[in-house]
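Participant: Just so it is clear, I am handing over final09.txt, which has compact mmCIF, C-alpha atoms.
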# COMPACT_ATOMS: atom_id res chain seq x y z
CA MET A 1 19.70 15.64 3.50
CA ARG A 2 16.63 17.84 3.63
CA CYS A 3 15.32 18.24 7.18
CA LEU A 4 12.09 16.36 7.82
CA LYS A 5 9.20 17.82 9.72
CA ILE A 6 5.82 16.66 10.97
CA PHE A 7 2.87 18.65 9.72
CA ALA A 8 0.78 19.86 12.62
CA PRO A 9 -2.54 18.58 11.19
CA ALA A 10 -1.21 15.01 11.16
CA ALA A 11 -0.11 15.12 14.78
CA THR A 12 -3.29 16.92 15.85
CA ALA A 13 -5.53 14.41 14.09
CA ALA A 14 -3.73 11.52 15.78
CA MET A 15 -4.30 13.08 19.23
CA MET A 16 -7.99 13.60 18.52
CA LEU A 17 -8.69 9.92 17.85
CA VAL A 18 -11.20 8.43 20.25
CA SER A 19 -12.81 5.01 20.53
CA CYS A 20 -16.21 3.76 21.51
CA GLU A 21 -17.95 0.43 21.70
CA LYS A 22 -21.46 -0.47 20.67
CA GLU A 23 -22.89 -3.94 20.28
CA LEU A 24 -24.29 -4.40 16.80
CA ASP A 25 -26.55 -7.16 15.58
CA ILE A 26 -25.39 -7.52 11.99
CA LYS A 27 -27.32 -9.77 9.64
CA TYR A 28 -25.63 -10.89 6.46
CA ARG A 29 -26.24 -13.48 3.79
CA ASP A 30 -23.86 -15.94 2.25
CA ILE A 31 -22.81 -15.33 -1.35
CA ASP A 32 -20.69 -17.38 -3.71
CA PRO A 33 -16.93 -16.73 -3.44
CA ILE A 34 -15.70 -13.92 -5.68
CA PRO A 35 -12.31 -13.94 -7.47
CA VAL A 36 -9.77 -11.44 -6.16
CA ILE A 37 -6.95 -10.29 -8.48
CA GLU A 38 -4.01 -8.33 -7.07
CA GLY A 39 -1.64 -7.34 -9.86
CA ALA A 40 1.40 -5.06 -9.82
CA LEU A 41 3.94 -4.18 -12.48
CA THR A 42 7.21 -2.45 -11.57
CA THR A 43 10.61 -2.02 -13.19
CA GLY A 44 11.50 -5.33 -11.51
CA GLY A 45 8.74 -7.32 -13.23
CA ALA A 46 5.12 -8.33 -12.67
CA THR A 47 3.38 -10.21 -9.85
CA VAL A 48 -0.27 -11.28 -9.86
CA ALA A 49 -1.97 -13.05 -6.94
CA LEU A 50 -5.30 -14.85 -7.49
CA THR A 51 -7.49 -15.76 -4.51
CA MET A 52 -11.17 -16.09 -3.64
CA THR A 53 -13.19 -14.19 -1.06
CA THR A 54 -13.87 -15.95 2.25
CA PRO A 55 -17.27 -16.20 4.00
CA MET A 56 -17.51 -13.78 6.94
CA ASP A 57 -17.90 -16.58 9.49
CA GLU A 58 -14.77 -18.43 8.33
CA PRO A 59 -11.03 -17.70 8.83
CA MET A 60 -9.37 -15.71 6.05
CA ASP A 61 -8.16 -18.01 3.26
CA ARG A 62 -5.27 -16.63 1.18
CA THR A 63 -4.65 -19.83 -0.78
CA ARG A 64 -3.41 -18.91 -4.26
CA LEU A 65 -5.25 -20.14 -7.36
CA THR A 66 -2.90 -21.52 -10.00
CA ASP A 67 -5.34 -22.79 -12.64
CA ALA A 68 -5.69 -19.56 -14.62
CA ALA A 69 -4.16 -18.13 -17.78
CA VAL A 70 -2.50 -14.77 -17.07
CA GLU A 71 -1.13 -12.45 -19.76
CA LEU A 72 0.38 -8.98 -19.63
CA ALA A 73 0.28 -7.00 -22.86
CA ASP A 74 2.42 -3.92 -23.51
CA LEU A 75 -0.07 -1.91 -25.56
CA THR A 76 2.63 0.55 -26.58
CA SER A 77 5.17 -1.96 -27.96
CA GLY A 78 2.77 -4.81 -28.79
CA GLU A 79 4.72 -7.33 -26.68
CA ILE A 80 2.67 -9.96 -24.81
CA VAL A 81 4.09 -11.90 -21.84
CA THR A 82 2.59 -15.00 -20.25
CA LEU A 83 2.93 -15.10 -16.45
CA THR A 84 3.52 -18.44 -14.72
CA PRO A 85 3.07 -19.45 -11.05
CA ASP A 86 6.11 -19.41 -8.78
CA THR A 87 6.67 -21.51 -5.65
CA ASN A 88 4.36 -19.21 -3.66
CA GLY A 89 1.53 -19.59 -6.17
CA ASP A 90 1.86 -16.04 -7.53
CA TYR A 91 1.92 -15.49 -11.29
CA VAL A 92 5.19 -13.73 -12.11
CA SER A 93 7.36 -12.38 -14.90
CA ASP A 94 10.77 -10.73 -14.70
CA ILE A 95 10.11 -8.56 -17.77
CA PRO A 96 10.37 -4.97 -16.46
CA GLY A 97 7.68 -2.39 -17.01
CA VAL A 98 8.61 0.68 -19.05
CA PRO A 99 7.50 4.09 -17.71
CA GLY A 100 5.13 5.81 -20.12
CA HIS A 101 3.90 2.55 -21.68
CA ASP A 102 0.30 1.37 -21.39
CA TYR A 103 -0.37 -2.17 -20.18
CA ARG A 104 -3.32 -4.57 -20.12
CA LEU A 105 -3.58 -7.43 -17.63
CA THR A 106 -5.81 -10.33 -18.74
CA VAL A 107 -6.80 -13.18 -16.43
CA SER A 108 -8.85 -16.12 -17.75
CA ARG A 109 -10.23 -18.79 -15.44
CA ALA A 110 -13.17 -21.20 -15.42
CA GLY A 111 -14.70 -19.61 -18.51
CA ALA A 112 -14.48 -16.08 -17.12
CA VAL A 113 -12.22 -13.28 -18.40
CA TYR A 114 -11.05 -10.23 -16.43
CA THR A 115 -9.07 -7.32 -17.91
CA SER A 116 -7.57 -4.12 -16.54
CA GLU A 117 -5.46 -1.42 -18.17
CA CYS A 118 -2.95 0.95 -16.58
CA ARG A 119 -0.17 3.32 -17.67
CA MET A 120 3.26 2.66 -16.16
CA LEU A 121 4.31 5.65 -14.04
CA PRO A 122 7.93 6.62 -13.21
CA ALA A 123 9.44 5.86 -9.81
CA PRO A 124 9.27 8.66 -7.23
CA GLU A 125 12.25 9.81 -5.18
CA ILE A 126 12.43 9.17 -1.43
CA ALA A 127 14.30 12.28 -0.30
CA GLY A 128 14.63 11.22 3.34
CA MET A 129 13.40 8.88 6.05
CA GLU A 130 13.82 8.99 9.82
CA PHE A 131 12.11 8.38 13.17
CA ASN A 132 11.01 11.03 15.67
CA TRP A 133 9.36 10.72 19.07
CA ILE A 134 6.20 12.77 19.41
CA LYS A 135 4.48 13.40 22.75
CA MET A 136 0.92 12.10 22.88
CA PRO A 137 -1.47 12.39 25.87
CA TYR A 138 -0.95 8.71 26.70
CA ASP A 139 2.73 8.18 25.81
CA HIS A 140 5.54 9.04 23.40
CA VAL A 141 5.10 7.47 19.93
CA ALA A 142 7.86 6.77 17.42
CA VAL A 143 6.73 8.30 14.13
CA LEU A 144 8.39 7.26 10.88
CA GLN A 145 8.66 10.20 8.51
CA VAL A 146 9.01 9.46 4.79
CA LEU A 147 9.86 12.47 2.63
CA ILE A 148 8.69 12.09 -0.98
CA ALA A 149 9.92 14.44 -3.70
CA ASP A 150 6.93 15.70 -5.71
CA ASP A 151 7.06 17.68 -8.96
CA PRO A 152 5.19 20.96 -8.33
CA ALA A 153 4.70 21.35 -12.10
CA THR A 154 2.18 18.47 -12.11
CA THR A 155 -0.99 18.00 -10.10
CA GLY A 156 -2.91 14.93 -9.05
CA ASP A 157 0.14 12.77 -8.30
CA CYS A 158 -0.64 9.85 -5.94
CA TYR A 159 1.65 7.55 -3.99
CA TRP A 160 1.42 4.19 -2.19
CA VAL A 161 3.69 3.95 0.86
CA ARG A 162 4.42 0.50 2.31
CA VAL A 163 6.49 -0.09 5.46
CA TYR A 164 8.19 -3.38 6.31
CA ARG A 165 9.70 -4.69 9.55
CA ASN A 166 12.62 -7.04 8.87
CA GLY A 167 11.17 -7.79 5.45
CA GLU A 168 7.61 -8.43 6.65
CA MET A 169 4.69 -6.09 5.92
CA TYR A 170 4.10 -3.74 8.85
CA ARG A 171 2.05 -0.72 7.75
CA TRP A 172 0.80 0.88 4.53
CA THR A 173 -0.78 4.17 3.60
CA TYR A 174 -1.47 6.38 0.58
CA VAL A 175 -1.02 10.08 -0.09
CA ARG A 176 -1.75 12.72 -2.74
CA ASP A 177 0.23 15.76 -3.81
CA ASN A 178 -2.33 18.13 -2.29
CA LEU A 179 -0.23 17.71 0.87
CA ALA A 180 2.99 18.77 -0.88
CA GLU A 181 4.96 21.75 0.43
CA ASP A 182 7.92 23.24 -1.45
CA GLY A 183 8.08 20.19 -3.71
CA TYR A 184 7.99 17.56 -0.95
CA ILE A 185 5.38 15.41 0.78
CA ALA A 186 6.15 14.53 4.41
CA GLU A 187 4.17 11.37 5.14
CA VAL A 188 4.12 10.22 8.77
CA ILE A 189 3.40 6.69 9.99
CA MET A 190 2.82 6.08 13.70
CA THR A 191 4.64 2.99 14.99
CA SER A 192 5.76 2.01 18.51
CA ARG A 193 4.97 3.57 21.87
CA ARG A 194 7.90 4.24 24.22
CA ASP A 195 6.45 2.76 27.44
CA VAL A 196 4.52 -0.18 26.01
CA ASP A 197 5.86 -3.30 24.33
CA GLU A 198 5.02 -2.96 20.65
CA VAL A 199 6.04 -4.68 17.44
CA LEU A 200 9.21 -2.66 16.82
CA VAL A 201 12.23 -3.47 18.99
CA ASP A 202 15.78 -2.16 19.11
CA GLY A 203 17.70 -3.33 16.04
CA ASP A 204 14.73 -3.91 13.74
CA VAL A 205 15.34 -2.95 10.12
CA VAL A 206 12.45 -0.78 8.97
CA SER A 207 12.10 -0.37 5.22
CA ALA A 208 9.73 1.77 3.19
CA THR A 209 8.79 1.59 -0.46
CA VAL A 210 7.00 4.34 -2.35
CA THR A 211 5.19 3.64 -5.63
CA ARG A 212 3.59 6.24 -7.86
CA ILE A 213 0.01 5.14 -8.54
CA SER A 214 -2.97 6.24 -10.62
CA ARG A 215 -5.90 8.15 -9.12
CA ALA A 216 -8.03 5.02 -9.67
CA MET A 217 -5.59 3.02 -7.53
CA TYR A 218 -5.60 5.78 -4.90
CA ASP A 219 -9.40 5.63 -4.76
CA TYR A 220 -9.21 1.85 -4.42
CA LEU A 221 -6.79 2.05 -1.47
CA GLU A 222 -8.91 4.75 0.16
CA ALA A 223 -12.00 2.55 -0.15
CA ILE A 224 -10.50 -0.66 1.24
CA SER A 225 -9.01 1.26 4.17
CA SER A 226 -12.63 2.13 5.02
CA ASP A 227 -13.72 -1.54 4.81
CA SER A 228 -15.18 -1.20 1.32
CA ASN A 229 -14.47 -3.38 -1.72
CA GLY A 230 -13.54 -0.24 -3.61
CA PRO A 231 -14.29 0.82 -7.18
CA SER A 232 -14.15 -1.82 -9.91
CA MET A 233 -10.76 -1.83 -11.64
CA PHE A 234 -11.47 -4.76 -14.00
CA ALA A 235 -13.67 -5.06 -17.08
CA GLY A 236 -15.37 -8.26 -18.21
CA ASP A 237 -16.65 -10.72 -15.63
CA PHE A 238 -17.04 -9.51 -12.07
CA CYS A 239 -14.11 -9.71 -9.67
CA LEU A 240 -12.46 -7.72 -6.90
CA GLY A 241 -8.90 -6.43 -6.67
CA TYR A 242 -6.57 -4.10 -8.54
CA PHE A 243 -3.92 -3.74 -11.22
CA THR A 244 -1.28 -1.05 -10.82
CA ALA A 245 1.85 -0.20 -12.81
CA GLY A 246 4.49 2.12 -11.43
CA GLY A 247 8.14 2.46 -10.54
CA MET A 248 9.08 1.83 -6.92
CA SER A 249 11.73 3.43 -4.70
CA GLY A 250 12.92 2.12 -1.34
CA ARG A 251 14.91 3.11 1.73
CA SER A 252 15.73 1.49 5.08
CA VAL A 253 16.60 2.61 8.61
CA VAL A 254 17.52 0.69 11.78
CA PHE A 255 15.15 1.27 14.70
CA ARG A 256 17.27 2.54 17.65
CA PRO A 257 14.87 3.92 20.30
CA ALA A 258 17.61 5.54 22.38
CA ASP A 259 18.88 7.50 19.37
CA ILE A 260 15.56 8.82 18.13
CA PRO A 261 15.23 12.60 18.58
CA GLU A 262 12.07 14.11 20.04
CA TYR A 263 9.99 16.29 17.77
CA LYS A 264 9.77 19.83 19.08
Turn this file's structure into structure tokens for me.

Facilitator:
Amino acid sequence: MRCLKIFAPAATAAMMLVSCEKELDIKYRDIDPIPVIEGALTTGGATVALTMTTPMDEPMDRTRLTDAAVELADLTSGEIVTLTPDTNGDYVSDIPGVPGHDYRLTVSRAGAVYTSECRMLPAPEIAGMEFNWIKMPYDHVAVLQVLIADDPATTGDCYWVRVYRNGEMYRWTYVRDNLAEDGYIAEVIMTSRRDVDEVLVDGDVVSATVTRISRAMYDYLEAISSDSNGPSMFAGDFCLGYFTAGGMSGRSVVFRPADIPEYK
């Protein structure tokens, strides 16, 4: 397996993080709830979650809406699939997406119609994944390194990296091919500290998935990570959310703190 390495800028940036506190008197006004559509198509099928925004002074409400009509059209083949709610309230279909095909997601609810189009991108290759300890000023931190194979013949490739702990969402990030070196992107995700009780414990199964995404989806992830609603990805009536179509690759590793090498 190709040897993984941490790029110095990533480690340096992490050490330069500082925090400060300032009391802010924020005034905001109530607005009507806005629909949120989160749709994803992979080679395993399609999943679409419908929710509504929550007022800022109320607890987050992730209750799924199941009173909509949801269709996924393969614009390349002409096939149209109707998605139906599963036991979790998500609209699903097991019809796989085909790389290179163009798709349109249409959601109709309460007289409103929302549409979004996306081309299905091929699955990337995860060339390696492992933990390393890195020395920080305050402690040692276990850094998960995910090595993504990137075609140097193309430019503008974007990827969505999601990390799970024992099957539950743990971290996510996004990366572009401007960080590629010799055909690989080494993405690093900081996890547990050595001397402080953190989420990861000995024996945890840590999994990572990598999905190739469009630049529009990359911009959306970049925006919401900065507490913004992000660019609009749907036409028609106004809503928030995204629709992405891309192949997904995955890999897992068992977290064994005593066996993790230290990055030199």

Participant: List every residue of region 63-179 of chain A that has an atom at most 9 Å from any atom of region 191-214 of chain A, giving for each one its closest atom pair and the distance in Å to one decimal, counting all atoms listed in the file, sorted by chain and then by ascending residue number, as CSV.

Facilitator:
residue,atom,partner,partner_atom,distance
A:Cys118,CA,A:Ser214,CA,8.0
A:Arg119,CA,A:Ser214,CA,8.1
A:Met120,CA,A:Ile213,CA,8.6
A:Leu121,CA,A:Arg212,CA,6.2
A:Pro122,CA,A:Arg212,CA,6.9
A:Ala123,CA,A:Arg212,CA,6.2
A:Pro124,CA,A:Arg212,CA,6.2
A:Glu125,CA,A:Val210,CA,8.1
A:Ile126,CA,A:Val210,CA,7.3
A:Met129,CA,A:Ala208,CA,8.5
A:Trp133,CA,A:Arg194,CA,8.4
A:Asp139,CA,A:Arg193,CA,6.5
A:His140,CA,A:Arg194,CA,5.4
A:Val141,CA,A:Arg193,CA,4.4
A:Ala142,CA,A:Ser192,CA,5.3
A:Val143,CA,A:Thr191,CA,5.8
A:Leu144,CA,A:Thr191,CA,7.0
A:Val146,CA,A:Ala208,CA,7.9
A:Ile148,CA,A:Val210,CA,8.0
A:Gly156,CA,A:Ser214,CA,8.8
A:Asp157,CA,A:Arg212,CA,7.4
A:Cys158,CA,A:Ile213,CA,5.4
A:Tyr159,CA,A:Arg212,CA,4.5
A:Trp160,CA,A:Thr211,CA,5.1
A:Val161,CA,A:Val210,CA,4.6
A:Arg162,CA,A:Thr209,CA,5.3
A:Val163,CA,A:Ala208,CA,4.4
A:Tyr164,CA,A:Ser207,CA,5.1
A:Arg165,CA,A:Val206,CA,4.8
A:Asn166,CA,A:Val205,CA,5.1
A:Gly167,CA,A:Ser207,CA,7.5
A:Tyr170,CA,A:Val199,CA,8.9
A:Arg171,CA,A:Thr191,CA,8.5

Participant: Which is closest to Phe238 (chain A) among A:Val70, A:Leu41, A:Ile224, A:Val36, if we use all atoms listed in the file?

Facilitator: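 Of A:Val70, A:Leu41, A:Ile224, A:Val36, the one nearest Phe238 (chain A), counting all atoms listed in the file, is A:Val36.
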
Participant: Using Å and a single decimal, report how far CA of Asn132 (chain A) sits from CA of Met190 (chain A).

Facilitator: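 Atom-to-atom, CA of Met190 (chain A) to CA of Asn132 (chain A), that is 9.8 Å.
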
Participant: Please report the interatomic distance between CA of Asp177 (chain A) and CA of Gly100 (chain A) in Å with one decimal.

Facilitator: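 That distance, rounded to one decimal, is 19.7 Å.
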
Participant: Give the answer as one residue: which of A:Leu83, A:Thr76, A:Glu130, A:Ala69 has the shortest atom-to-atom distance to Val254 (chain A), using only C-alpha atoms?

Facilitator: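 So, comparing all the options, the nearest one is A:Glu130.
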
Participant: Which one of A:Arg64, A:Arg256, A:Arg176, A:Arg104 sits closest to Thr244 (chain A) if you count all atoms listed in the file?

Facilitator: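 Ranked by minimum distance to Thr244 (chain A), first place goes to A:Arg104.
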
Participant: Quick one: distance from CA of Thr84 (chain A) to CA of Gly45 (chain A) in Å, one decimal?

Facilitator: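 Computing the Euclidean distance for CA of Thr84 (chain A) and CA of Gly45 (chain A) yields 12.4 Å.
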
Participant: Using only C-alpha atoms, which of A:Ala49, A:Gly97, A:Glu262, A:Val81 sits nearest Met248 (chain A)?

Facilitator: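 Closest to Met248 (chain A) of all the choices is A:Gly97.
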
Participant: For each of A:Pro261, A:Pro231, A:Gly247, A:Gly128, take the minimum atom-to-atom distance to Thr42 (chain A), counting only C-alpha atoms, then give the residue where this is smallest.

Facilitator: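 Under the stated criterion, the closest residue is A:Gly247.
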
Participant: Restricting the calculation to only C-alpha atoms: of A:Phe243, A:Phe234, A:Pro257, A:Ala180, which residue gets closest to Thr115 (chain A)?

Facilitator: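 Nearest candidate to Thr115 (chain A) out of A:Phe243, A:Phe234, A:Pro257, A:Ala180: A:Phe234.
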
Participant: Every residue with an atom at most 9 Å from (-5.1, -22.9, -4.0) (file coordinates; all atoms listed in the file) is what I'm after, so could you write them as a CSV table (one decimal) with C-alpha atoms, in the coordinates of the input?

Facilitator:
chain,number,residue,atom,x,y,z
A,50,LEU,CA,-5.3,-14.8,-7.5
A,51,THR,CA,-7.5,-15.8,-4.5
A,62,ARG,CA,-5.3,-16.6,1.2
A,63,THR,CA,-4.6,-19.8,-0.8
A,64,ARG,CA,-3.4,-18.9,-4.3
A,65,LEU,CA,-5.2,-20.1,-7.4
A,66,THR,CA,-2.9,-21.5,-10.0
A,67,ASP,CA,-5.3,-22.8,-12.6
A,89,GLY,CA,1.5,-19.6,-6.2

Participant: Would you kindly return, as a PyMOL selection string, each protein, DNA or RNA residue with an atom no farther than 10 Å from any atom of Tyr242 (chain A), considering only C-alpha atoms and excluding same-chain residues fewer than 2 positions away?

Facilitator: chain A and resi 36-40+48+116+216-217+220-221+230-234+239-240+244

Participant: Give as a count of residues only the set of residues within 12 Å of the point (-14.4, -18.7, -16.9), where distances use the file's coordinates and only C-alpha atoms.

Facilitator: 16
